[in-house]
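What follows is entry-v7.cif (mmCIF, C-alpha atoms).
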```cif
data_model
#
loop_
_atom_site.label_atom_id
_atom_site.label_comp_id
_atom_site.auth_asym_id
_atom_site.auth_seq_id
_atom_site.Cartn_x
_atom_site.Cartn_y
_atom_site.Cartn_z
CA MET A 1 -3.96 -4.00 37.01
CA ASN A 2 -4.35 -0.70 38.84
CA GLU A 3 -5.23 2.37 36.76
CA GLN A 4 -2.26 4.19 38.33
CA ASN A 5 0.01 1.96 36.28
CA TRP A 6 -0.70 3.87 33.07
CA SER A 7 -1.36 7.36 31.80
CA PHE A 8 -2.61 7.89 28.27
CA ASP A 9 -2.10 11.65 28.69
CA GLU A 10 1.65 11.29 29.15
CA VAL A 11 3.58 12.79 26.22
CA ILE A 12 6.62 10.63 25.48
CA ASP A 13 9.44 11.88 23.27
CA ARG A 14 9.81 9.28 20.51
CA SER A 15 12.23 11.22 18.35
CA GLU A 16 15.57 9.60 17.48
CA THR A 17 14.23 6.14 18.36
CA GLN A 18 14.16 4.93 14.74
CA SER A 19 10.41 5.44 14.88
CA VAL A 20 8.82 5.29 11.43
CA LYS A 21 6.05 7.52 12.73
CA TRP A 22 8.22 10.23 14.28
CA ASP A 23 11.55 10.07 12.45
CA PHE A 24 10.35 9.45 8.89
CA HIS A 25 9.05 12.95 8.12
CA GLU A 26 10.58 16.41 8.50
CA LYS A 27 11.11 17.40 12.12
CA ASP A 28 8.61 20.26 12.02
CA LEU A 29 5.70 17.97 11.08
CA LEU A 30 3.43 16.63 13.79
CA PRO A 31 2.83 12.97 12.83
CA LEU A 32 -0.61 11.41 13.20
CA TRP A 33 -0.43 9.07 10.25
CA VAL A 34 0.80 5.46 10.51
CA ALA A 35 -1.19 3.04 12.71
CA ASP A 36 1.18 3.24 15.67
CA MET A 37 0.06 4.47 19.09
CA ASP A 38 1.98 7.03 21.14
CA PHE A 39 1.22 5.21 24.39
CA ARG A 40 3.68 3.17 26.39
CA ALA A 41 2.90 -0.55 26.39
CA PRO A 42 1.12 -1.93 29.48
CA ASN A 43 3.34 -2.58 32.48
CA PRO A 44 2.85 -6.38 32.48
CA ILE A 45 4.36 -6.47 28.99
CA ILE A 46 7.29 -4.25 29.97
CA ASP A 47 7.88 -6.30 33.13
CA ALA A 48 7.78 -9.59 31.23
CA LEU A 49 10.23 -8.27 28.64
CA SER A 50 12.52 -6.88 31.34
CA ASN A 51 12.62 -10.20 33.17
CA ARG A 52 13.36 -12.07 29.97
CA VAL A 53 16.14 -9.64 29.00
CA LYS A 54 17.75 -10.07 32.43
CA HIS A 55 18.07 -13.78 31.70
CA GLY A 56 20.61 -12.76 29.08
CA ILE A 57 20.32 -15.66 26.62
CA PHE A 58 18.28 -15.25 23.46
CA GLY A 59 18.45 -18.50 21.60
CA TYR A 60 15.82 -20.09 19.37
CA SER A 61 12.32 -20.12 20.81
CA TYR A 62 9.17 -22.06 20.05
CA PHE A 63 5.46 -21.50 20.66
CA HIS A 64 4.91 -22.90 24.14
CA ASN A 65 1.45 -24.14 25.18
CA SER A 66 1.20 -21.10 27.45
CA TYR A 67 0.96 -18.85 24.39
CA TYR A 68 -1.71 -21.02 22.78
CA ASP A 69 -3.67 -21.04 26.03
CA ALA A 70 -3.47 -17.26 26.39
CA LEU A 71 -4.58 -16.68 22.80
CA LEU A 72 -7.43 -19.21 22.85
CA ASN A 73 -8.71 -17.84 26.15
CA TRP A 74 -8.59 -14.31 24.73
CA PHE A 75 -10.82 -15.17 21.79
CA LYS A 76 -13.17 -17.16 24.00
CA ARG A 77 -13.55 -14.32 26.53
CA ARG A 78 -13.86 -11.43 24.15
CA TYR A 79 -15.60 -12.99 21.13
CA ASN A 80 -17.07 -16.27 22.35
CA TRP A 81 -15.11 -17.94 19.56
CA GLU A 82 -13.82 -21.40 20.39
CA LEU A 83 -10.53 -21.82 18.53
CA ASN A 84 -8.67 -25.07 18.18
CA GLN A 85 -4.93 -24.92 18.72
CA GLU A 86 -4.33 -26.85 15.52
CA TRP A 87 -5.97 -24.06 13.47
CA LEU A 88 -3.14 -21.65 14.29
CA LEU A 89 -0.15 -20.65 12.21
CA PHE A 90 2.14 -17.68 12.82
CA THR A 91 3.84 -15.09 10.66
CA PRO A 92 5.80 -11.88 11.37
CA GLY A 93 2.78 -9.84 10.30
CA VAL A 94 -0.61 -9.86 8.59
CA ILE A 95 0.73 -8.56 5.27
CA PRO A 96 3.27 -11.42 4.98
CA ALA A 97 0.40 -13.85 5.59
CA ILE A 98 -1.75 -12.24 2.89
CA ASN A 99 1.25 -12.33 0.56
CA LEU A 100 1.62 -16.05 1.08
CA ALA A 101 -2.10 -16.74 0.70
CA ILE A 102 -2.25 -14.87 -2.61
CA GLN A 103 0.81 -16.76 -3.80
CA GLU A 104 -0.55 -20.17 -2.84
CA PHE A 105 -4.24 -19.85 -3.77
CA SER A 106 -4.15 -17.88 -7.01
CA ASN A 107 -2.09 -17.67 -10.17
CA PRO A 108 -0.50 -14.77 -12.05
CA GLY A 109 -3.20 -12.85 -13.89
CA ASP A 110 -5.98 -13.84 -11.47
CA ASN A 111 -8.23 -11.24 -9.85
CA ILE A 112 -8.19 -10.43 -6.14
CA ILE A 113 -11.17 -8.38 -4.92
CA ILE A 114 -10.63 -5.52 -2.48
CA GLN A 115 -13.19 -3.04 -1.14
CA ASN A 116 -11.83 0.46 -1.67
CA PRO A 117 -10.87 2.88 -0.30
CA VAL A 118 -8.81 0.37 1.66
CA TYR A 119 -5.51 -0.22 3.43
CA TYR A 120 -3.00 0.61 0.73
CA PRO A 121 -0.53 -2.31 1.18
CA PHE A 122 -3.28 -4.56 -0.22
CA TYR A 123 -2.65 -3.10 -3.67
CA GLY A 124 1.04 -3.86 -3.51
CA VAL A 125 0.77 -7.44 -2.26
CA ILE A 126 -1.59 -8.16 -5.15
CA THR A 127 0.35 -6.54 -7.99
CA ASN A 128 3.73 -7.68 -6.69
CA LYS A 129 2.55 -11.26 -7.15
CA GLY A 130 1.47 -10.59 -10.74
CA ARG A 131 -2.23 -10.63 -9.85
CA GLN A 132 -4.83 -7.97 -10.63
CA PHE A 133 -6.81 -6.12 -8.00
CA LEU A 134 -10.51 -5.95 -8.80
CA LEU A 135 -12.29 -3.11 -7.05
CA ASN A 136 -15.59 -3.57 -5.25
CA PRO A 137 -15.96 0.06 -4.11
CA LEU A 138 -17.74 0.78 -0.87
CA LYS A 139 -20.82 2.97 -1.29
CA PHE A 140 -20.56 6.34 0.44
CA SER A 141 -23.85 7.97 1.35
CA LYS A 142 -25.01 10.20 4.22
CA ASN A 143 -21.51 10.29 5.68
CA SER A 144 -21.28 6.49 5.99
CA TYR A 145 -20.01 3.53 4.00
CA LYS A 146 -21.70 0.26 3.09
CA MET A 147 -20.76 -2.74 0.98
CA ASP A 148 -22.05 -2.84 -2.59
CA PHE A 149 -23.34 -6.41 -2.71
CA GLU A 150 -24.76 -6.14 -6.23
CA ASP A 151 -21.36 -5.13 -7.58
CA LEU A 152 -19.66 -7.81 -5.48
CA GLU A 153 -21.87 -10.52 -6.95
CA LYS A 154 -20.98 -9.46 -10.49
CA LYS A 155 -17.27 -9.50 -9.78
CA VAL A 156 -17.04 -12.77 -7.87
CA SER A 157 -18.83 -14.47 -10.75
CA ASP A 158 -15.78 -13.83 -12.94
CA PRO A 159 -13.90 -17.17 -13.12
CA ARG A 160 -10.60 -15.25 -13.00
CA THR A 161 -11.48 -14.03 -9.50
CA LYS A 162 -9.95 -16.34 -6.87
CA ILE A 163 -9.79 -14.42 -3.60
CA VAL A 164 -11.76 -11.71 -1.80
CA ILE A 165 -10.05 -9.69 0.94
CA LEU A 166 -12.29 -8.58 3.79
CA CYS A 167 -10.96 -5.77 6.00
CA ASN A 168 -12.96 -5.74 9.24
CA PRO A 169 -12.79 -3.48 11.18
CA HIS A 170 -12.21 -1.58 7.98
CA ASN A 171 -9.12 0.55 7.51
CA PRO A 172 -9.40 3.51 6.83
CA ILE A 173 -13.17 4.07 7.16
CA GLY A 174 -13.59 2.44 10.59
CA ARG A 175 -16.65 0.32 9.81
CA VAL A 176 -17.30 -2.71 12.02
CA TYR A 177 -19.57 -4.85 9.89
CA THR A 178 -22.72 -6.36 11.36
CA SER A 179 -23.54 -10.06 11.38
CA GLN A 180 -26.09 -9.47 8.63
CA GLU A 181 -23.57 -7.68 6.42
CA LEU A 182 -20.90 -10.32 6.95
CA THR A 183 -23.36 -13.13 6.27
CA HIS A 184 -24.54 -11.53 3.03
CA PHE A 185 -20.92 -10.95 1.99
CA GLY A 186 -19.92 -14.50 2.89
CA ASP A 187 -22.88 -16.13 1.16
CA ILE A 188 -22.02 -14.36 -2.10
CA CYS A 189 -18.37 -15.43 -1.92
CA ILE A 190 -19.11 -19.03 -0.94
CA GLU A 191 -21.74 -19.43 -3.66
CA HIS A 192 -19.03 -18.67 -6.21
CA GLU A 193 -16.39 -20.76 -4.40
CA LYS A 194 -14.04 -17.91 -3.53
CA LEU A 195 -11.48 -17.93 -0.74
CA ILE A 196 -11.94 -15.13 1.80
CA ILE A 197 -8.95 -13.59 3.53
CA ALA A 198 -10.25 -11.75 6.59
CA ASP A 199 -7.89 -9.08 7.88
CA GLU A 200 -9.13 -8.60 11.46
CA ILE A 201 -6.00 -7.00 12.91
CA HIS A 202 -8.04 -4.16 14.49
CA CYS A 203 -10.68 -6.47 15.97
CA ASP A 204 -9.79 -5.66 19.59
CA LEU A 205 -10.20 -1.92 19.01
CA VAL A 206 -13.96 -1.50 18.76
CA TYR A 207 -16.00 1.23 20.46
CA PRO A 208 -18.41 0.08 23.20
CA GLN A 209 -21.63 0.57 21.22
CA TYR A 210 -20.42 -1.81 18.49
CA LYS A 211 -19.42 -5.46 18.38
CA HIS A 212 -16.79 -7.20 16.30
CA ILE A 213 -17.84 -10.56 14.85
CA ASN A 214 -15.11 -12.85 13.59
CA PHE A 215 -16.07 -13.79 10.04
CA SER A 216 -14.96 -17.39 10.38
CA SER A 217 -17.05 -17.87 13.53
CA ILE A 218 -20.40 -17.20 11.81
CA ASN A 219 -20.87 -20.65 10.29
CA GLU A 220 -18.96 -23.71 9.17
CA ASP A 221 -19.02 -22.80 5.46
CA PHE A 222 -17.31 -19.51 6.22
CA ALA A 223 -14.80 -21.22 8.51
CA GLN A 224 -13.87 -23.80 5.87
CA ASN A 225 -13.37 -21.21 3.14
CA SER A 226 -11.45 -18.48 4.93
CA ILE A 227 -8.14 -17.43 6.41
CA THR A 228 -8.37 -15.04 9.37
CA CYS A 229 -5.41 -12.79 10.15
CA THR A 230 -5.14 -11.26 13.63
CA SER A 231 -2.50 -9.84 15.91
CA GLY A 232 -2.11 -8.04 19.20
CA SER A 233 0.26 -5.62 17.47
CA LYS A 234 -2.29 -2.83 17.02
CA THR A 235 -4.08 -3.67 20.27
CA PHE A 236 -1.06 -3.29 22.54
CA ASN A 237 1.25 -1.17 20.35
CA LEU A 238 3.66 -4.03 19.67
CA ALA A 239 4.01 -3.78 15.89
CA GLY A 240 7.80 -3.66 16.10
CA LEU A 241 7.85 -7.12 17.71
CA GLN A 242 6.28 -8.69 14.60
CA LEU A 243 3.97 -11.56 15.44
CA SER A 244 0.58 -12.37 13.89
CA ASN A 245 -1.89 -15.20 14.47
CA ILE A 246 -3.24 -16.82 11.31
CA ILE A 247 -6.40 -18.85 11.95
CA ILE A 248 -7.30 -21.53 9.38
CA PRO A 249 -9.92 -24.15 10.33
CA ASN A 250 -9.72 -25.89 6.92
CA GLN A 251 -7.09 -28.61 7.13
CA GLU A 252 -6.08 -28.54 3.45
CA ILE A 253 -5.82 -24.74 3.30
CA ARG A 254 -3.83 -24.79 6.53
CA LYS A 255 -1.49 -27.49 5.21
CA THR A 256 -0.78 -25.44 2.09
CA MET A 257 -0.08 -22.32 4.14
CA ARG A 258 2.11 -24.23 6.59
CA LEU A 259 4.25 -25.58 3.76
CA ALA A 260 4.57 -22.08 2.30
CA ILE A 261 5.71 -20.75 5.69
CA GLU A 262 8.20 -23.58 6.07
CA ARG A 263 9.64 -22.97 2.60
CA LEU A 264 10.03 -19.29 3.37
CA PHE A 265 11.35 -19.38 6.92
CA LEU A 266 12.74 -22.76 7.91
CA PRO A 267 13.01 -25.99 5.88
CA GLU A 268 12.98 -28.21 8.95
CA ALA A 269 9.23 -28.65 9.42
CA LEU A 270 9.22 -26.27 12.37
CA GLY A 271 7.55 -23.42 10.53
CA TYR A 272 7.96 -19.87 11.74
CA LEU A 273 9.99 -19.66 14.94
CA PRO A 274 9.02 -16.67 17.08
CA ASN A 275 11.28 -13.85 18.06
CA THR A 276 12.09 -14.64 21.69
CA LEU A 277 10.88 -11.28 22.95
CA SER A 278 7.75 -11.19 20.80
CA PHE A 279 6.56 -14.46 22.30
CA VAL A 280 7.07 -13.09 25.82
CA ALA A 281 5.38 -9.76 25.10
CA PHE A 282 2.30 -11.10 23.32
CA ARG A 283 1.70 -13.80 25.91
CA ALA A 284 1.83 -11.20 28.69
CA ALA A 285 -0.57 -9.02 26.70
CA TYR A 286 -3.20 -11.70 26.26
CA GLU A 287 -2.87 -12.92 29.85
CA ASN A 288 -2.62 -9.69 31.83
CA CYS A 289 -3.59 -6.60 29.85
CA GLU A 290 -7.34 -6.78 29.27
CA GLU A 291 -8.13 -4.07 31.81
CA TRP A 292 -5.55 -1.80 30.16
CA LEU A 293 -7.22 -2.38 26.77
CA ASP A 294 -10.66 -1.51 28.13
CA SER A 295 -9.27 1.75 29.54
CA LEU A 296 -7.49 2.46 26.25
CA ILE A 297 -10.78 2.16 24.36
CA GLN A 298 -12.39 4.60 26.80
CA TYR A 299 -9.56 7.06 26.17
CA LEU A 300 -9.85 6.64 22.41
CA GLN A 301 -13.59 7.27 22.70
CA SER A 302 -12.89 10.51 24.57
CA ASN A 303 -10.33 11.54 21.94
CA LEU A 304 -12.87 10.82 19.23
CA GLU A 305 -15.48 12.97 20.97
CA PHE A 306 -12.93 15.76 21.31
CA LEU A 307 -12.06 15.51 17.61
CA LYS A 308 -15.72 15.63 16.58
CA SER A 309 -16.44 18.57 18.85
CA PHE A 310 -13.41 20.55 17.68
CA ILE A 311 -14.21 20.00 14.02
CA ARG A 312 -17.89 20.80 14.50
CA ASP A 313 -17.09 24.05 16.29
CA ASN A 314 -14.04 25.22 14.33
CA LEU A 315 -13.69 23.42 11.00
CA PRO A 316 -17.11 23.33 9.29
CA LEU A 317 -15.55 22.50 5.91
CA ILE A 318 -14.28 19.16 7.26
CA SER A 319 -16.54 16.16 7.92
CA VAL A 320 -15.79 13.28 10.30
CA ILE A 321 -16.66 9.79 9.09
CA GLU A 322 -17.34 8.45 12.56
CA PRO A 323 -15.48 5.18 13.16
CA GLU A 324 -17.05 2.16 14.81
CA GLY A 325 -13.63 0.63 15.44
CA THR A 326 -9.87 1.32 15.14
CA TYR A 327 -8.09 4.44 16.35
CA LEU A 328 -8.01 5.77 12.78
CA VAL A 329 -10.49 8.41 11.69
CA TRP A 330 -11.39 9.17 8.06
CA LEU A 331 -11.83 12.89 7.45
CA ASP A 332 -13.50 14.46 4.41
CA PHE A 333 -11.65 17.60 3.22
CA ARG A 334 -13.33 17.81 -0.18
CA LYS A 335 -15.17 21.05 0.61
CA LEU A 336 -11.79 22.80 0.60
CA GLY A 337 -11.88 22.31 -3.17
CA MET A 338 -8.29 21.10 -3.47
CA GLY A 339 -6.87 18.39 -5.68
CA HIS A 340 -5.07 15.63 -3.83
CA GLU A 341 -1.62 17.07 -4.53
CA GLN A 342 -2.74 20.50 -3.30
CA LEU A 343 -4.26 18.97 -0.19
CA GLU A 344 -1.11 17.01 0.61
CA HIS A 345 1.02 20.13 0.14
CA PHE A 346 -1.37 22.15 2.28
CA MET A 347 -1.32 19.65 5.15
CA LYS A 348 2.46 19.27 5.21
CA LYS A 349 3.67 22.74 4.25
CA ASP A 350 0.96 24.96 5.72
CA ALA A 351 -0.61 22.98 8.57
CA LYS A 352 2.67 21.19 9.40
CA VAL A 353 0.77 17.99 10.13
CA ALA A 354 1.54 14.56 8.67
CA LEU A 355 -1.64 12.55 8.14
CA ASP A 356 -2.19 9.62 5.79
CA GLU A 357 -3.27 11.00 2.43
CA GLY A 358 -6.61 9.64 1.29
CA TYR A 359 -5.55 9.01 -2.31
CA ASN A 360 -3.08 6.39 -1.06
CA PHE A 361 -6.09 4.22 -0.19
CA GLY A 362 -7.17 4.04 -3.83
CA GLN A 363 -10.17 5.26 -5.76
CA GLY A 364 -12.63 7.04 -3.52
CA GLY A 365 -9.91 8.30 -1.21
CA GLU A 366 -9.16 11.53 -3.02
CA GLY A 367 -9.91 14.57 -0.86
CA PHE A 368 -9.85 12.56 2.37
CA GLU A 369 -7.24 12.28 5.12
CA ARG A 370 -6.76 9.56 7.74
CA ILE A 371 -5.83 10.76 11.21
CA ASN A 372 -4.52 8.60 14.06
CA ILE A 373 -6.11 9.62 17.37
CA ALA A 374 -4.14 7.11 19.49
CA CYS A 375 -2.05 9.82 21.08
CA PRO A 376 -2.18 12.03 24.17
CA ARG A 377 -4.89 14.68 23.98
CA LEU A 378 -2.30 17.47 23.88
CA ILE A 379 -0.85 16.11 20.64
CA LEU A 380 -4.27 15.69 19.05
CA GLU A 381 -5.27 19.20 20.11
CA GLU A 382 -2.06 20.68 18.71
CA ALA A 383 -2.62 18.94 15.37
CA LEU A 384 -6.18 20.22 15.12
CA ASN A 385 -5.12 23.74 16.03
CA ARG A 386 -2.48 23.64 13.31
CA ILE A 387 -5.09 22.59 10.76
CA PHE A 388 -7.47 25.30 12.01
CA ASN A 389 -4.78 27.99 11.73
CA ALA A 390 -3.80 26.84 8.24
CA ILE A 391 -7.39 26.89 7.00
CA THR A 392 -7.96 30.29 8.60
CA ASN A 393 -5.00 31.60 6.62
CA LEU A 394 -6.21 30.06 3.36
CA LYS A 395 -7.46 33.43 2.09
CA ASN A 396 -3.84 34.61 2.04
CA THR A 397 -2.63 31.69 -0.09
CA ASN A 398 -2.81 30.95 -3.78
CA TYR A 399 -5.12 27.91 -3.45
#
```
Whole structure given in structure tokens:
Amino acid sequence: MNEQNWSFDEVIDRSETQSVKWDFHEKDLLPLWVADMDFRAPNPIIDALSNRVKHGIFGYSYFHNSYYDALLNWFKRRYNWELNQEWLLFTPGVIPAINLAIQEFSNPGDNIIIQNPVYYPFYGVITNKGRQFLLNPLKFSKNSYKMDFEDLEKKVSDPRTKIVILCNPHNPIGRVYTSQELTHFGDICIEHEKLIIADEIHCDLVYPQYKHINFSSINEDFAQNSITCTSGSKTFNLAGLQLSNIIIPNQEIRKTMRLAIERLFLPEALGYLPNTLSFVAFRAAYENCEEWLDSLIQYLQSNLEFLKSFIRDNLPLISVIEPEGTYLVWLDFRKLGMGHEQLEHFMKKDAKVALDEGYNFGQGGEGFERINIACPRLILEEALNRIFNAITNLKNTNY
């Protein structure tokens, strides 16, 4: 694909498109919150969708071998992970898959471990099923986060604990865990016979100096005791097409999940049938858009450097928790001395910027904000200037 086929600097008007990101908040807010990029999808995806739409018939579809081949080749090329086609199930998203796994592999009242601050839908999928979330807080020191293995060992030893959710790359803090960290984590969970659900939806979005390691690929014990949830939705900005790949090497776990999917979607032993256009788009992505992704990561890296430089030079009260992956950056606003309600009011009413409020990510998130840098530089610069101007005017406010 020629570089002339895309421009990450192009500002595209997304208003009035039923965009959750752009149409959900007041019109005067600049939105850099939800994990949704402001870049047009790669041309091979648009072309494939256009050709399919021209056909004009949109009946039931199934997962053709061409999709399996594209997906398996993707994981082999980028992660050296040899997947078997039979390991794969599909759902409309990662959260639906986690919902089903919690339903099938735990009982009401059981504990599900999460590592906070963490992607806030995890809390809801746990409590909505009548389970309890058990916090294994990440340790924050010297502007970086690490797992607390001592605390994890205590909590997985509780017989009421059934599942541990691993978020890697981690949302919102951006950690990409090393092989040593993942192995230590996995050994603790396996020793106590816990099922691991690995949310790896951001695995393709890792900065060049880091490497994503699929948890299930580390060893056979991890593979046989885990469910890995992936998707190209974040990678290629296709979240609205709703397709996720659920990788389960263990035959019995996979059988249980397959039956749950069939009960939910289609009682005819066909499982989840794909949206016709999602199948076309994701296959084109995995087959033809790797060069686009590599260029995207370079652009995200340059946006990250711009963000760090701007904050260093203009916003000394804000600290950047530098991400190793994802296009989401965790910012520490605690030196402003505001409570979380004050901070939210300040960002929306004074700065006129919509970020994801840190307290939504649970304990340890208070005083932080998550910013989405997957946007043209002009938008990112405007957001930062708004924050700078609002902080400059703080002395004239009642905070």
Name the residues that the PyMOL selection byres ((chain A and resi 309-313) around 12) picks from the file above, as a PDB file with C-alpha atoms, in the coordinates of the input, using the file's chain letters and numbers.
```pdb
ATOM      1  CA  SER A 302     -12.890  10.510  24.570  1.00  0.00           C
ATOM      2  CA  ASN A 303     -10.330  11.540  21.940  1.00  0.00           C
ATOM      3  CA  LEU A 304     -12.870  10.820  19.230  1.00  0.00           C
ATOM      4  CA  GLU A 305     -15.480  12.970  20.970  1.00  0.00           C
ATOM      5  CA  PHE A 306     -12.930  15.760  21.310  1.00  0.00           C
ATOM      6  CA  LEU A 307     -12.060  15.510  17.610  1.00  0.00           C
ATOM      7  CA  LYS A 308     -15.720  15.630  16.580  1.00  0.00           C
ATOM      8  CA  ASN A 314     -14.040  25.220  14.330  1.00  0.00           C
ATOM      9  CA  LEU A 315     -13.690  23.420  11.000  1.00  0.00           C
ATOM     10  CA  PRO A 316     -17.110  23.330   9.290  1.00  0.00           C
ATOM     11  CA  LEU A 317     -15.550  22.500   5.910  1.00  0.00           C
ATOM     12  CA  ILE A 318     -14.280  19.160   7.260  1.00  0.00           C
ATOM     13  CA  SER A 319     -16.540  16.160   7.920  1.00  0.00           C
ATOM     14  CA  VAL A 320     -15.790  13.280  10.300  1.00  0.00           C
ATOM     15  CA  ILE A 321     -16.660   9.790   9.090  1.00  0.00           C
ATOM     16  CA  GLU A 322     -17.340   8.450  12.560  1.00  0.00           C
ATOM     17  CA  LEU A 331     -11.830  12.890   7.450  1.00  0.00           C
ATOM     18  CA  ASP A 332     -13.500  14.460   4.410  1.00  0.00           C
ATOM     19  CA  PHE A 333     -11.650  17.600   3.220  1.00  0.00           C
ATOM     20  CA  LEU A 380      -4.270  15.690  19.050  1.00  0.00           C
ATOM     21  CA  GLU A 381      -5.270  19.200  20.110  1.00  0.00           C
ATOM     22  CA  GLU A 382      -2.060  20.680  18.710  1.00  0.00           C
ATOM     23  CA  ALA A 383      -2.620  18.940  15.370  1.00  0.00           C
ATOM     24  CA  LEU A 384      -6.180  20.220  15.120  1.00  0.00           C
ATOM     25  CA  ASN A 385      -5.120  23.740  16.030  1.00  0.00           C
ATOM     26  CA  ILE A 387      -5.090  22.590  10.760  1.00  0.00           C
ATOM     27  CA  PHE A 388      -7.470  25.300  12.010  1.00  0.00           C
ATOM     28  CA  ILE A 391      -7.390  26.890   7.000  1.00  0.00           C
TER      29      ILE A 391
END
```
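Minimum atom-to-atom distance to A:Arg370, evaluated using all atoms listed in the file, belongs to A:Glu344 out of A:Asp350, A:Asp148, A:Glu344, A:Glu16.
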Proximity to A:His25 - best of A:Ile190, A:Val353, A:Met37, A:Ile95, all atoms listed in the file: A:Val353
Expressed in Å to a single decimal, how great is the separation between atom CA of A:Glu290 and atom CA of A:Tyr67? 15.4 Å
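Once all atoms listed in the file are considered, the residues situated within 7 Å of the file point (3.4, -4.4, 26.6) turn out to be Ala41, Pro42, Asn43, Pro44, Ile45, Ile46, Phe236, Leu238, Ala281 and Ala285 of chain A.
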Please write the residues picked by the PyMOL selection byres ((chain A and resi 260) around 9) on this file as an MDAnalysis selection string. chainID A and resid 100:101 103:104 255:259 261:265 271
Take the residues just selected and output them with C-alpha atoms as a compact mmCIF listing (two decimals), in the frame of the given file.
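Full text of result-v4.txt as output:
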```txt
# COMPACT_ATOMS: atom_id res chain seq x y z
CA LEU A 100 1.62 -16.05 1.08
CA ALA A 101 -2.10 -16.74 0.70
CA GLN A 103 0.81 -16.76 -3.80
CA GLU A 104 -0.55 -20.17 -2.84
CA LYS A 255 -1.49 -27.49 5.21
CA THR A 256 -0.78 -25.44 2.09
CA MET A 257 -0.08 -22.32 4.14
CA ARG A 258 2.11 -24.23 6.59
CA LEU A 259 4.25 -25.58 3.76
CA ILE A 261 5.71 -20.75 5.69
CA GLU A 262 8.20 -23.58 6.07
CA ARG A 263 9.64 -22.97 2.60
CA LEU A 264 10.03 -19.29 3.37
CA PHE A 265 11.35 -19.38 6.92
CA GLY A 271 7.55 -23.42 10.53
```
Got a sec to resolve the PyMOL selection byres ((chain A and resi 160) around 9) on this structure and send the residues as a ChimeraX atom specification? /A:109-112,156-159,161-162
For atom CA of A:Asn65 and atom CA of A:Asp294, the interatomic separation in Å (one decimal): 25.8 Å
With a distance cut-off of 7 Å and all atoms listed in the file, select the neighbouring residues of A:Asn372, excluding the residue or stretch itself and same-chain residues fewer than 3 positions from it, and output the selection as an MDAnalysis selection string. chainID A and resid 32:33 35 327:329
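Our summary of the geometry notes that atom CA of A:Ala284 is positioned 10.3 Å from atom CA of A:Leu71.
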Nearest residue to A:Leu30 from the set A:Lys129, A:Arg254, A:Lys352, A:Arg377 (distances using only C-alpha atoms): A:Lys352
